[in-house]
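File shown here: entry_31.cif, holding mmCIF, C-alpha atoms and all ligand atoms.
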data_target
loop_
_atom_site.label_atom_id
_atom_site.label_comp_id
_atom_site.auth_asym_id
_atom_site.auth_seq_id
_atom_site.Cartn_x
_atom_site.Cartn_y
_atom_site.Cartn_z
CA MET A 1338 0.00 0.00 0.00
CA ASN A 1339 1.40 3.44 -0.84
CA SER A 1340 -1.66 5.66 -0.62
CA THR A 1341 -3.62 6.78 2.42
CA LEU A 1342 -6.70 6.60 0.19
CA THR A 1343 -6.65 2.82 0.14
CA SER A 1344 -9.88 1.50 1.64
CA LEU A 1345 -11.23 -1.85 2.72
CA PRO A 1346 -13.63 -3.48 0.23
CA LEU A 1347 -16.88 -3.88 2.17
CA ALA A 1348 -18.41 -7.31 2.71
CA ALA A 1349 -21.88 -8.53 3.63
CA ILE A 1350 -22.89 -11.51 5.75
CA PRO A 1351 -24.47 -14.18 3.50
CA ALA A 1352 -28.06 -15.13 4.39
CA GLU A 1353 -27.18 -18.70 5.43
CA ASP A 1354 -24.67 -17.38 7.98
CA GLU A 1355 -26.99 -14.63 9.22
CA ALA A 1356 -29.55 -17.39 9.86
CA LEU A 1357 -27.32 -18.77 12.62
CA ARG A 1358 -27.95 -15.65 14.71
CA GLN A 1359 -31.43 -16.59 15.95
CA ASN A 1360 -30.32 -20.04 17.14
CA VAL A 1361 -27.35 -18.61 19.01
CA ARG A 1362 -29.49 -15.87 20.55
CA ALA A 1363 -32.06 -18.41 21.76
CA PHE A 1364 -29.34 -20.62 23.25
CA LEU A 1365 -27.72 -17.67 25.04
CA GLY A 1366 -31.06 -16.43 26.35
CA ASP A 1367 -31.36 -19.71 28.28
CA ALA A 1368 -27.71 -20.21 29.18
CA LEU A 1369 -27.11 -16.72 30.60
CA ARG A 1370 -30.51 -16.11 32.21
CA GLY A 1371 -30.13 -14.13 35.44
CA MET A 1372 -26.43 -13.31 34.96
CA PRO A 1373 -26.05 -9.64 36.01
CA ALA A 1374 -24.63 -7.00 33.64
CA ASP A 1375 -21.51 -6.39 35.70
CA VAL A 1376 -20.57 -10.07 35.43
CA ARG A 1377 -21.42 -10.16 31.72
CA SER A 1378 -19.30 -7.00 31.27
CA ARG A 1379 -16.23 -9.21 31.75
CA SER A 1380 -17.15 -10.42 28.29
CA TRP A 1381 -14.39 -12.52 26.79
CA LEU A 1382 -12.37 -12.44 30.03
CA GLY A 1383 -15.19 -14.45 31.67
CA TYR A 1384 -14.12 -18.09 32.10
CA ASP A 1385 -16.63 -20.95 32.42
CA LEU A 1386 -15.55 -24.33 31.08
CA ASN A 1387 -19.08 -25.75 31.42
CA PHE A 1388 -20.47 -22.95 29.28
CA SER A 1389 -17.77 -23.45 26.62
CA ARG A 1390 -18.47 -27.19 26.57
CA ALA A 1391 -22.20 -26.57 26.19
CA LEU A 1392 -21.37 -24.32 23.24
CA ALA A 1393 -19.14 -27.04 21.80
CA ARG A 1394 -22.02 -29.53 22.05
CA GLN A 1395 -24.00 -27.18 19.81
CA GLY A 1396 -21.18 -27.43 17.26
CA TRP A 1397 -20.20 -23.79 17.85
CA VAL A 1398 -16.55 -24.21 18.80
CA GLY A 1399 -14.27 -24.59 15.78
CA LEU A 1400 -17.11 -23.53 13.51
CA THR A 1401 -14.77 -22.83 10.58
CA LEU A 1402 -12.57 -25.91 10.97
CA PRO A 1403 -13.00 -28.75 8.44
CA THR A 1404 -15.55 -31.38 9.45
CA ARG A 1405 -12.92 -34.15 9.22
CA TYR A 1406 -11.31 -32.65 12.34
CA GLY A 1407 -14.61 -32.24 14.18
CA GLY A 1408 -15.20 -28.67 13.01
CA GLY A 1409 -18.34 -27.12 11.58
CA GLY A 1410 -16.95 -26.59 8.06
CA ARG A 1411 -18.61 -23.16 7.98
CA SER A 1412 -17.36 -19.83 6.62
CA GLY A 1413 -15.66 -17.04 8.53
CA PHE A 1414 -18.92 -15.09 8.30
CA SER A 1415 -20.77 -17.64 10.42
CA ARG A 1416 -18.03 -17.32 13.04
CA PHE A 1417 -18.41 -13.54 12.85
CA VAL A 1418 -22.14 -13.86 13.59
CA LEU A 1419 -21.49 -16.28 16.45
CA SER A 1420 -18.79 -14.01 17.95
CA GLU A 1421 -21.03 -10.96 17.77
CA GLU A 1422 -23.86 -12.70 19.58
CA LEU A 1423 -21.55 -14.10 22.27
CA LEU A 1424 -20.03 -10.68 22.89
CA PHE A 1425 -23.33 -8.81 22.80
CA ALA A 1426 -24.63 -11.18 25.45
CA GLY A 1427 -21.40 -10.96 27.50
CA ALA A 1428 -21.02 -14.75 27.41
CA PRO A 1429 -18.06 -16.17 29.39
CA VAL A 1430 -16.07 -17.50 26.44
CA ALA A 1431 -12.50 -17.38 27.73
CA ALA A 1432 -12.18 -21.17 28.15
CA HIS A 1433 -12.34 -21.82 24.41
CA TRP A 1434 -11.77 -18.38 22.85
CA ILE A 1435 -7.99 -18.47 22.36
CA ALA A 1436 -7.88 -21.97 20.87
CA ASP A 1437 -10.95 -21.32 18.74
CA ARG A 1438 -9.74 -17.99 17.39
CA GLN A 1439 -6.00 -18.47 17.04
CA THR A 1440 -4.37 -21.78 17.90
CA SER A 1441 -6.73 -23.96 15.87
CA GLN A 1442 -6.17 -21.76 12.80
CA LEU A 1443 -2.42 -21.90 13.33
CA ILE A 1444 -2.39 -25.71 13.63
CA LEU A 1445 -4.70 -26.08 10.63
CA ARG A 1446 -2.47 -23.92 8.48
CA PHE A 1447 1.06 -24.72 9.64
CA GLY A 1448 0.77 -27.87 11.80
CA SER A 1449 1.60 -31.44 10.75
CA GLU A 1450 -1.23 -33.80 9.87
CA ALA A 1451 -0.59 -35.66 13.15
CA GLN A 1452 -0.92 -32.37 15.09
CA ARG A 1453 -4.15 -31.56 13.27
CA GLN A 1454 -5.63 -34.95 14.03
CA PHE A 1455 -4.64 -34.79 17.66
CA PHE A 1456 -5.43 -31.19 18.60
CA LEU A 1457 -8.31 -30.05 16.42
CA PRO A 1458 -10.96 -32.56 17.59
CA LEU A 1459 -9.97 -31.84 21.23
CA ILE A 1460 -10.34 -28.10 20.61
CA THR A 1461 -13.73 -28.41 18.90
CA ALA A 1462 -15.03 -30.53 21.81
CA CYS A 1463 -13.53 -28.01 24.25
CA ASP A 1464 -11.69 -30.89 25.91
CA ILE A 1465 -8.49 -28.84 26.08
CA VAL A 1466 -7.80 -25.24 26.98
CA PHE A 1467 -4.97 -23.30 25.34
CA CYS A 1468 -2.98 -20.28 26.39
CA ILE A 1469 -0.63 -18.17 24.26
CA GLY A 1470 2.92 -17.42 25.35
CA MET A 1471 4.19 -14.55 23.25
CA SER A 1472 5.02 -11.66 25.63
CA GLU A 1473 8.09 -11.76 27.87
CA PRO A 1474 9.41 -9.37 30.51
CA ASP A 1475 11.27 -6.59 28.63
CA THR A 1476 10.15 -7.91 25.24
CA GLY A 1477 6.38 -7.41 25.39
CA SER A 1478 5.71 -5.29 22.31
CA ASP A 1479 9.05 -6.17 20.77
CA LEU A 1480 8.18 -9.80 20.10
CA ALA A 1481 11.10 -10.21 17.69
CA SER A 1482 13.54 -10.05 20.59
CA VAL A 1483 12.03 -13.04 22.39
CA ARG A 1484 14.63 -14.71 24.64
CA THR A 1485 12.92 -17.88 25.87
CA ARG A 1486 14.95 -20.56 24.16
CA ALA A 1487 14.34 -24.14 23.07
CA THR A 1488 17.60 -26.02 22.48
CA ARG A 1489 17.67 -29.23 20.45
CA THR A 1490 18.43 -32.50 22.24
CA ASP A 1491 18.68 -36.10 20.93
CA THR A 1492 14.96 -36.64 21.57
CA GLY A 1493 13.45 -33.17 21.13
CA TRP A 1494 13.99 -29.84 22.87
CA VAL A 1495 14.78 -28.39 26.24
CA LEU A 1496 13.11 -25.11 27.11
CA ASN A 1497 14.28 -22.29 29.40
CA GLY A 1498 12.91 -18.81 29.90
CA ARG A 1499 9.97 -16.76 31.10
CA LYS A 1500 6.67 -15.55 29.68
CA ILE A 1501 4.38 -12.88 31.11
CA TRP A 1502 0.75 -11.73 30.86
CA THR A 1503 -0.22 -15.25 29.81
CA THR A 1504 -4.01 -15.31 29.95
CA ASN A 1505 -5.36 -18.47 31.61
CA ALA A 1506 -1.95 -20.19 31.89
CA HIS A 1507 -3.16 -21.43 35.32
CA ARG A 1508 -6.10 -23.24 33.72
CA ALA A 1509 -4.63 -24.20 30.37
CA ASP A 1510 -3.73 -27.74 29.33
CA TRP A 1511 -1.44 -26.51 26.54
CA MET A 1512 0.48 -23.39 25.63
CA CYS A 1513 1.35 -22.26 22.14
CA ALA A 1514 4.59 -20.35 22.68
CA LEU A 1515 6.87 -18.21 20.54
CA VAL A 1516 10.46 -19.17 21.42
CA ARG A 1517 13.96 -18.80 20.04
CA THR A 1518 15.31 -22.01 18.52
CA SER A 1519 18.39 -20.60 16.80
CA GLY A 1520 20.40 -17.40 16.61
CA THR A 1521 20.40 -14.63 19.21
CA ALA A 1522 17.86 -12.01 20.31
CA GLU A 1523 19.73 -9.56 18.04
CA ASP A 1524 18.78 -11.66 15.00
CA ARG A 1525 15.24 -10.27 15.38
CA HIS A 1526 12.84 -12.13 13.10
CA LYS A 1527 15.15 -15.04 12.34
CA GLY A 1528 15.42 -18.16 14.50
CA LEU A 1529 11.99 -17.92 16.15
CA SER A 1530 9.67 -20.94 16.27
CA GLN A 1531 6.32 -21.88 17.76
CA MET A 1532 6.05 -24.75 20.22
CA LEU A 1533 3.06 -26.62 21.60
CA ILE A 1534 3.80 -27.16 25.27
CA ASP A 1535 1.99 -29.55 27.60
CA MET A 1536 1.45 -27.42 30.71
CA LYS A 1537 1.80 -30.54 32.92
CA SER A 1538 5.45 -30.93 31.86
CA PRO A 1539 7.88 -30.92 34.82
CA GLY A 1540 9.80 -27.63 35.17
CA ILE A 1541 6.87 -25.29 34.42
CA SER A 1542 5.70 -22.93 37.15
CA VAL A 1543 2.79 -20.54 36.85
CA ARG A 1544 2.50 -17.44 39.07
CA PRO A 1545 -0.77 -15.49 39.05
CA LEU A 1546 -0.83 -11.73 38.40
CA LYS A 1547 -3.76 -9.64 39.66
CA ASP A 1548 -5.30 -7.03 37.41
CA ILE A 1549 -6.53 -3.66 38.67
CA VAL A 1550 -10.02 -4.96 39.54
CA GLY A 1551 -8.57 -7.88 41.49
CA ASP A 1552 -9.28 -10.60 38.92
CA THR A 1553 -6.53 -13.13 38.22
CA HIS A 1554 -6.72 -14.15 34.59
CA PHE A 1555 -3.15 -13.64 33.48
CA ASN A 1556 0.12 -15.02 34.80
CA GLU A 1557 3.86 -15.21 34.70
CA VAL A 1558 5.13 -18.60 33.44
CA LEU A 1559 8.62 -19.92 34.09
CA PHE A 1560 10.35 -22.72 32.16
CA ASP A 1561 13.21 -24.44 33.96
CA ASN A 1562 14.81 -27.14 31.76
CA VAL A 1563 11.44 -28.28 30.43
CA GLY A 1564 11.83 -31.32 28.16
CA LEU A 1565 9.70 -31.23 25.00
CA PRO A 1566 9.28 -33.95 22.36
CA ALA A 1567 10.46 -33.33 18.79
CA ASP A 1568 6.88 -32.89 17.60
CA ALA A 1569 6.30 -29.94 19.95
CA LEU A 1570 7.45 -27.76 17.06
CA VAL A 1571 4.55 -26.39 15.02
CA GLY A 1572 5.38 -25.41 11.47
CA GLU A 1573 8.96 -24.92 10.39
CA GLU A 1574 11.89 -24.23 12.66
CA GLY A 1575 12.77 -20.53 12.24
CA SER A 1576 9.40 -19.56 10.71
CA GLY A 1577 7.85 -18.43 13.98
CA TRP A 1578 7.72 -14.75 13.04
CA LYS A 1579 5.81 -15.35 9.80
CA GLN A 1580 3.42 -17.73 11.55
CA VAL A 1581 2.79 -15.41 14.48
CA THR A 1582 2.04 -12.51 12.15
CA ALA A 1583 -0.58 -14.60 10.38
CA GLU A 1584 -2.05 -15.67 13.75
CA LEU A 1585 -2.23 -12.11 15.05
CA ALA A 1586 -4.45 -10.99 12.16
CA PHE A 1587 -7.14 -13.24 13.67
CA GLU A 1588 -6.57 -11.73 17.11
CA ARG A 1589 -6.62 -8.09 16.03
CA SER A 1590 -9.61 -7.67 13.77
CA GLY A 1591 -12.53 -9.61 15.25
CA PRO A 1592 -15.71 -8.25 16.85
CA GLU A 1593 -13.99 -8.48 20.26
CA ARG A 1594 -11.89 -5.46 19.23
CA ILE A 1595 -14.98 -3.28 19.00
CA LEU A 1596 -17.45 -4.89 21.42
CA SER A 1597 -15.57 -5.04 24.75
CA SER A 1598 -17.82 -2.27 26.18
CA ILE A 1599 -21.03 -3.37 24.51
CA VAL A 1600 -22.69 -4.93 27.58
CA LEU A 1601 -22.18 -1.62 29.39
CA ALA A 1602 -23.52 0.36 26.41
CA ASP A 1603 -26.57 -1.88 26.11
CA THR A 1604 -27.29 -1.80 29.86
CA TRP A 1605 -27.03 2.00 29.78
CA LEU A 1606 -29.30 2.27 26.73
CA ALA A 1607 -31.93 0.06 28.37
CA ALA A 1608 -31.77 2.19 31.53
CA ALA A 1609 -32.09 5.42 29.51
CA ARG A 1610 -35.11 4.05 27.65
CA ALA A 1611 -36.73 2.95 30.91
CA ALA A 1612 -36.03 6.40 32.40
CA ASP A 1613 -37.98 8.21 29.73
CA HIS A 1614 -34.98 8.66 27.43
CA GLY A 1615 -32.91 11.08 29.50
CA GLY A 1616 -31.73 14.45 28.17
CA PRO A 1617 -29.69 15.81 25.21
CA ASN A 1618 -26.42 14.25 26.37
CA VAL A 1619 -28.04 10.83 26.51
CA ARG A 1620 -29.41 11.20 22.99
CA ALA A 1621 -26.12 12.53 21.59
CA THR A 1622 -24.16 9.72 23.23
CA ALA A 1623 -26.51 7.06 21.90
CA GLY A 1624 -26.01 8.47 18.40
CA ARG A 1625 -22.25 8.66 18.83
CA ILE A 1626 -22.01 5.03 19.96
CA ALA A 1627 -24.30 3.69 17.23
CA ALA A 1628 -22.59 5.66 14.43
CA ARG A 1629 -19.10 4.56 15.37
CA LEU A 1630 -20.18 0.98 15.89
CA ALA A 1631 -21.72 0.83 12.43
CA VAL A 1632 -18.45 1.89 10.75
CA LEU A 1633 -16.22 -0.31 12.89
CA ARG A 1634 -18.47 -3.30 12.33
CA ALA A 1635 -18.23 -2.82 8.56
CA MET A 1636 -14.43 -2.69 8.84
CA SER A 1637 -14.20 -5.78 11.01
CA LEU A 1638 -16.50 -7.64 8.62
CA ALA A 1639 -14.33 -6.62 5.67
CA VAL A 1640 -11.27 -8.10 7.40
CA ALA A 1641 -13.24 -11.28 8.21
CA ALA A 1642 -13.97 -11.60 4.47
CA LYS A 1643 -10.24 -11.34 3.68
CA LEU A 1644 -9.36 -13.92 6.32
CA ASP A 1645 -12.03 -16.21 4.89
CA ARG A 1646 -10.33 -15.91 1.48
CA HIS A 1647 -7.00 -16.83 3.15
CA GLU A 1648 -5.58 -13.40 2.39
CA GLN A 1649 -3.12 -11.79 4.81
CA PRO A 1650 -4.81 -8.61 6.14
CA ASP A 1651 -2.21 -7.63 8.78
CA LEU A 1652 -2.46 -3.96 7.88
CA GLU A 1653 -6.27 -3.90 7.82
CA ALA A 1654 -6.40 -5.80 11.12
CA ALA A 1655 -4.22 -3.03 12.59
CA PHE A 1656 -6.74 -0.41 11.37
CA VAL A 1657 -9.57 -2.23 13.15
CA LYS A 1658 -7.63 -2.73 16.35
CA ASP A 1659 -6.39 0.86 16.58
CA LEU A 1660 -9.79 2.45 15.94
CA GLY A 1661 -11.82 -0.29 17.60
CA THR A 1662 -10.04 -0.20 20.93
CA GLU A 1663 -10.16 3.62 20.93
CA PHE A 1664 -13.95 3.35 20.63
CA GLU A 1665 -14.22 0.68 23.33
CA GLN A 1666 -12.17 2.82 25.69
CA SER A 1667 -14.28 5.92 25.02
CA VAL A 1668 -17.64 4.31 25.83
CA PRO A 1669 -17.34 4.43 29.66
CA ASP A 1670 -16.25 8.10 29.54
CA TRP A 1671 -19.12 9.04 27.26
CA ILE A 1672 -21.63 7.23 29.47
CA ARG A 1673 -20.28 8.87 32.60
CA GLY A 1674 -20.94 12.23 30.93
CA THR A 1675 -24.67 11.44 30.74
CA LEU A 1676 -25.27 10.27 34.30
CA HIS A 1677 -26.53 13.65 35.53
CA GLU A 1678 -29.41 13.34 33.05
CA LEU A 1679 -30.52 9.97 34.39
CA PRO A 1680 -32.73 9.64 37.48
CA ALA A 1681 -31.21 8.44 40.76
CA THR A 1682 -33.08 5.13 40.48
CA VAL A 1683 -30.95 4.27 37.44
CA ARG A 1684 -27.69 5.50 38.96
CA HIS A 1685 -27.20 2.47 41.15
CA GLY A 1686 -27.05 -1.28 40.81
CA GLU A 1687 -26.04 -3.17 37.68
CA LEU A 1688 -25.43 -0.14 35.46
CA MET A 1689 -23.06 1.52 37.92
CA ARG A 1690 -21.25 -1.72 38.76
CA SER A 1691 -20.81 -2.40 35.06
CA LEU A 1692 -19.56 1.18 34.51
CA ALA A 1693 -17.10 0.86 37.41
CA TYR A 1694 -15.73 -2.40 36.02
CA VAL A 1695 -15.35 -1.25 32.40
CA THR A 1696 -13.84 2.09 33.49
CA GLN A 1697 -11.12 0.29 35.41
CA ILE A 1698 -10.37 -2.40 32.84
CA ALA A 1699 -10.62 -0.23 29.70
CA PRO A 1700 -6.92 0.78 29.61
CA THR A 1701 -6.08 -2.86 28.83
CA PHE A 1702 -8.22 -2.89 25.66
CA SER A 1703 -5.49 -1.21 23.61
CA LEU A 1704 -2.71 -3.26 25.24
CA ARG A 1705 -3.88 -6.83 24.77
CA GLY A 1706 -3.25 -8.13 21.28
CA GLY A 1707 -0.59 -5.46 20.66
CA THR A 1708 -0.41 -1.85 21.79
CA ARG A 1709 -1.69 1.17 19.90
CA GLN A 1710 1.87 2.34 19.09
CA ILE A 1711 2.65 -1.06 17.58
CA MET A 1712 -0.54 -0.92 15.44
CA ARG A 1713 0.47 2.53 14.18
CA GLY A 1714 3.95 1.24 13.40
CA ILE A 1715 2.42 -1.54 11.28
CA ILE A 1716 0.25 1.02 9.48
CA ALA A 1717 3.26 3.31 8.91
CA ARG A 1718 5.11 0.36 7.35
CA GLY A 1719 2.13 -0.22 5.07
CA LEU A 1720 2.36 3.42 4.00
CA GLY A 1721 6.01 2.95 3.06
CA LEU A 1722 7.36 4.97 5.98
CA ARG A 1723 9.41 2.17 7.60
C1 LIG A 1801 -5.69 -8.34 29.50
C2 LIG A 1801 -4.41 -8.74 28.82
C3 LIG A 1801 -4.22 -10.05 28.41
C4 LIG A 1801 -3.03 -10.44 27.78
N1 LIG A 1801 -2.88 -11.74 27.43
C5 LIG A 1801 -1.73 -12.13 26.85
C6 LIG A 1801 -1.52 -13.51 26.51
O1 LIG A 1801 -2.39 -14.36 26.73
N2 LIG A 1801 -0.35 -13.88 25.95
C7 LIG A 1801 0.64 -12.97 25.69
O2 LIG A 1801 1.67 -13.38 25.16
N3 LIG A 1801 0.50 -11.66 26.01
C8 LIG A 1801 -0.66 -11.23 26.57
N4 LIG A 1801 -0.84 -9.91 26.91
C9 LIG A 1801 0.30 -9.03 26.72
C10 LIG A 1801 0.10 -7.90 25.80
O3 LIG A 1801 0.06 -8.29 24.49
C11 LIG A 1801 1.21 -6.96 26.24
O4 LIG A 1801 0.53 -5.98 26.97
C12 LIG A 1801 2.07 -6.42 25.18
O5 LIG A 1801 2.83 -7.45 24.65
C13 LIG A 1801 2.88 -5.24 25.72
O6 LIG A 1801 3.99 -5.66 26.44
P1 LIG A 1801 4.56 -4.88 27.73
O7 LIG A 1801 3.51 -4.84 28.78
O8 LIG A 1801 5.88 -5.51 28.09
O9 LIG A 1801 4.78 -3.38 27.28
P2 LIG A 1801 6.02 -2.78 26.48
O10 LIG A 1801 6.29 -3.61 25.29
O11 LIG A 1801 7.13 -2.53 27.46
O12 LIG A 1801 5.41 -1.40 25.99
C14 LIG A 1801 5.24 -0.27 26.85
C15 LIG A 1801 4.84 0.92 25.99
O13 LIG A 1801 5.90 1.24 25.07
C16 LIG A 1801 5.41 1.22 23.73
N5 LIG A 1801 6.41 0.68 22.82
C17 LIG A 1801 7.13 -0.45 22.98
N6 LIG A 1801 7.94 -0.66 21.91
C18 LIG A 1801 7.68 0.36 21.03
C19 LIG A 1801 8.18 0.69 19.75
N7 LIG A 1801 9.08 -0.05 19.13
N8 LIG A 1801 7.68 1.79 19.17
C20 LIG A 1801 6.76 2.57 19.76
N9 LIG A 1801 6.26 2.31 21.00
C21 LIG A 1801 6.71 1.23 21.62
C22 LIG A 1801 4.20 0.31 23.76
O14 LIG A 1801 3.33 0.56 22.72
C23 LIG A 1801 3.59 0.64 25.12
O15 LIG A 1801 2.81 1.78 25.07
C24 LIG A 1801 -2.01 -9.48 27.55
C25 LIG A 1801 -2.20 -8.16 27.95
C26 LIG A 1801 -3.37 -7.78 28.57
C27 LIG A 1801 -3.53 -6.35 28.99
#

Take the structure in this file and express it as structure tokens.
Amino acid sequence: MNSTLTSLPLAAIPAEDEALRQNVRAFLGDALRGMPADVRSRSWLGYDLNFSRALARQGWVGLTLPTRYGGGGRSGFSRFVLSEELLFAGAPVAAHWIADRQTSQLILRFGSEAQRQFFLPLITACDIVFCIGMSEPDTGSDLASVRTRATRTDTGWVLNGRKIWTTNAHRADWMCALVRTSGTAEDRHKGLSQMLIDMKSPGISVRPLKDIVGDTHFNEVLFDNVGLPADALVGEEGSGWKQVTAELAFERSGPERILSSIVLADTWLAAARAADHGGPNVRATAGRIAARLAVLRAMSLAVAAKLDRHEQPDLEAAFVKDLGTEFEQSVPDWIRGTLHELPATVRHGELMRSLAYVTQIAPTFSLRGGTRQIMRGIIARGLGLR
């Protein structure tokens, strides 16, 4: 790309995929009945293995994976519809989300046939939980300087190093990690590989980290001479950077990059309607949220269409993440600016607890999945500036 006028070709959800929406909505209506808004506001940080397994029994985990591996064989659009409904409802999807969104796609594309046959049916049944080990202390955003190292042995690999911010490492059965297998940290993109690590392996310790609201979902993970079999390697040795870049496009462009505050927005809208619509600030804020959401949704859908065609939309995914997380982070501020127009009866309970939660957690929206500065660096490269 060399012009700032380049735009994303818009895409529409085909009717057969849109038809999935009603079934998912009906299922969620039952499954989440009575769950308060402040709990649902945790959205995709909410972890409930039983819920994820119930979803898997509906055939809704691994929806886009080929049927021969237990998947649904459906298009990326159907997954888009499913993701939107899950996020709108604030469903606790963390137990299957990472494997469903990223690791399964990685294994399908770069894994060996044996890895596909082993992992993909377990993922689609939600029988295993995955975590992702990319970030390290001092090399968070700068993934190319990863220092955790797997050294070849006669039988496989031995792993030493440290990962940080690893979501659900304490509950995961497996980790997909980016590690150095050759060269030095100065070699940057060369010599990195991805490894599938059984979290029960001796030598792994997991230390919880508390976030600002007191939840413990991410961790520090230490590897002390962890022995791995030869087939822990996924894809080619030394191709980790290319593989991770492909994987991150799935992480950066989905509806979760625009809908993290949607339970709050919906709870607020329902309260405003019940309170006789509030004043001018309420009306302006409703318009502002709906207008931005419409544009962001069209962008996210356009990237989903590219991913479905097996194109490599790293740049476009960075657009969605940069703008999407900015929107998600603005929603609690905008809503706070309307509270004086809402009656006291509304300014307590679920709405305020949801607002308090999202306000505190919102700074992380632009961090997870790659920071805003990193997204802008990717865009600058696309514009020929780097
Ligand atoms: C809720 C949550 C869940 C997460 N889950 C996971 C997970 O499961 N697995 C995982 O691997 N990681 C995970 N992360 C880590 C996340 O991706 C990191 O926040 C990220 O890698 C940043 O690393 P860091 O904290 O070391 O910050 P740093 O990399 O130290 O960055 C600090 C600041 O400096 C800026 N900066 C750094 N380098 C540059 C540069 N070259 N140019 C311009 N600016 C720069 C950054 O943009 C940022 O603003 C999670 C994070 C959060 C918040």

Which residues are close to region 1669-1685 of chain A, i.e. within 12 Å by all atoms listed in the file, leaving aside same-chain residues fewer than 2 positions away? Reply as a PyMOL selection string. chain A and resi 1375+1378+1597-1626+1663-1667+1687-1700

Report as JSON lines: every residue of chain A with an atom at most 7 Å from ligand LIG 1801 (chain A), its closest pair of atoms, and their distance in Å to one decimal, counting all atoms listed in the file, with rows sorted by chain and ascending residue number.
{"residue": "A:Cys1468", "atom": "CA", "partner": "A:LIG1801", "partner_atom": "O1", "distance": 6.0}
{"residue": "A:Ile1469", "atom": "CA", "partner": "A:LIG1801", "partner_atom": "N2", "distance": 4.6}
{"residue": "A:Gly1470", "atom": "CA", "partner": "A:LIG1801", "partner_atom": "O2", "distance": 4.2}
{"residue": "A:Met1471", "atom": "CA", "partner": "A:LIG1801", "partner_atom": "O2", "distance": 3.4}
{"residue": "A:Ser1472", "atom": "CA", "partner": "A:LIG1801", "partner_atom": "O2", "distance": 3.8}
{"residue": "A:Glu1473", "atom": "CA", "partner": "A:LIG1801", "partner_atom": "O8", "distance": 6.6}
{"residue": "A:Pro1474", "atom": "CA", "partner": "A:LIG1801", "partner_atom": "O8", "distance": 5.8}
{"residue": "A:Asp1475", "atom": "CA", "partner": "A:LIG1801", "partner_atom": "O8", "distance": 5.5}
{"residue": "A:Thr1476", "atom": "CA", "partner": "A:LIG1801", "partner_atom": "O8", "distance": 5.7}
{"residue": "A:Gly1477", "atom": "CA", "partner": "A:LIG1801", "partner_atom": "O6", "distance": 3.1}
{"residue": "A:Ser1478", "atom": "CA", "partner": "A:LIG1801", "partner_atom": "O10", "distance": 3.5}
{"residue": "A:Asp1479", "atom": "CA", "partner": "A:LIG1801", "partner_atom": "N6", "distance": 5.7}
{"residue": "A:Ile1501", "atom": "CA", "partner": "A:LIG1801", "partner_atom": "N3", "distance": 6.5}
{"residue": "A:Trp1502", "atom": "CA", "partner": "A:LIG1801", "partner_atom": "C8", "distance": 4.5}
{"residue": "A:Thr1503", "atom": "CA", "partner": "A:LIG1801", "partner_atom": "O1", "distance": 3.9}
{"residue": "A:Thr1504", "atom": "CA", "partner": "A:LIG1801", "partner_atom": "O1", "distance": 3.7}
{"residue": "A:Phe1555", "atom": "CA", "partner": "A:LIG1801", "partner_atom": "C3", "distance": 6.3}
{"residue": "A:Thr1701", "atom": "CA", "partner": "A:LIG1801", "partner_atom": "C27", "distance": 4.3}
{"residue": "A:Phe1702", "atom": "CA", "partner": "A:LIG1801", "partner_atom": "C27", "distance": 6.7}
{"residue": "A:Leu1704", "atom": "CA", "partner": "A:LIG1801", "partner_atom": "O4", "distance": 4.6}
{"residue": "A:Arg1705", "atom": "CA", "partner": "A:LIG1801", "partner_atom": "C25", "distance": 3.8}
{"residue": "A:Gly1706", "atom": "CA", "partner": "A:LIG1801", "partner_atom": "O3", "distance": 4.6}
{"residue": "A:Gly1707", "atom": "CA", "partner": "A:LIG1801", "partner_atom": "O3", "distance": 4.8}
{"residue": "A:Thr1708", "atom": "CA", "partner": "A:LIG1801", "partner_atom": "O14", "distance": 4.5}
{"residue": "A:Arg1709", "atom": "CA", "partner": "A:LIG1801", "partner_atom": "O14", "distance": 5.8}
{"residue": "A:Gln1710", "atom": "CA", "partner": "A:LIG1801", "partner_atom": "O14", "distance": 4.3}
{"residue": "A:Ile1711", "atom": "CA", "partner": "A:LIG1801", "partner_atom": "O14", "distance": 5.4}
{"residue": "A:Gly1714", "atom": "CA", "partner": "A:LIG1801", "partner_atom": "N8", "distance": 6.9}

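Separating CA of Asp1659 (chain A) from CA of Trp1578 (chain A) is a distance of 21.3 Å.
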
Contact residues around Asp1491 (chain A) with all atoms listed in the file at 12 Å, ignoring same-chain residues under 5 positions, as a ChimeraX atom specification: /A:1564-1567

Work out how far CA of Gly1409 (chain A) is from CA of Asp1354 (chain A), in Å to one decimal. 12.2 Å

Can you list, as a ChimeraX atom specification, every protein, DNA or RNA residue that comes within 12 Å of Val1398 (chain A) when you count all atoms listed in the file, leaving out same-chain residues fewer than 5 positions away? /A:1388-1393,1403-1404,1406-1411,1415-1416,1419-1420,1423,1430-1438,1441,1457-1465

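Taking CA of Phe1456 (chain A) as the reference point, CA of Val1418 (chain A) is found at 24.6 Å.
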
For Glu1422 (chain A), work out the shell of residues within 12 Å, counting only C-alpha atoms and skipping chain neighbours fewer than 4 positions away, then give it as a ChimeraX atom specification. /A:1355,1357-1366,1380-1381,1397,1415-1418,1426-1430,1592-1593,1596,1599-1600

Counting only C-alpha atoms, the residue among A:Gln1442, A:Asn1556, A:Asn1387, A:Ser1482 that lies closest to Lys1500 (chain A) is A:Asn1556

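Near region 1533-1544 of chain A, within 9 Å and counting only C-alpha atoms, sit A:Ala1506, A:His1507, A:Ala1509, A:Asp1510, A:Trp1511, A:Met1512, A:Cys1513, A:Ala1514, A:Gln1531, A:Leu1546, A:Phe1555, A:Asn1556, A:Glu1557, A:Val1558, A:Leu1559, A:Phe1560, A:Asp1561, A:Asn1562, A:Val1563, A:Gly1564, A:Leu1565, A:Asp1568, A:Ala1569, A:Leu1570, A:Val1571, not including residues fewer than 2 positions from it in the same chain.
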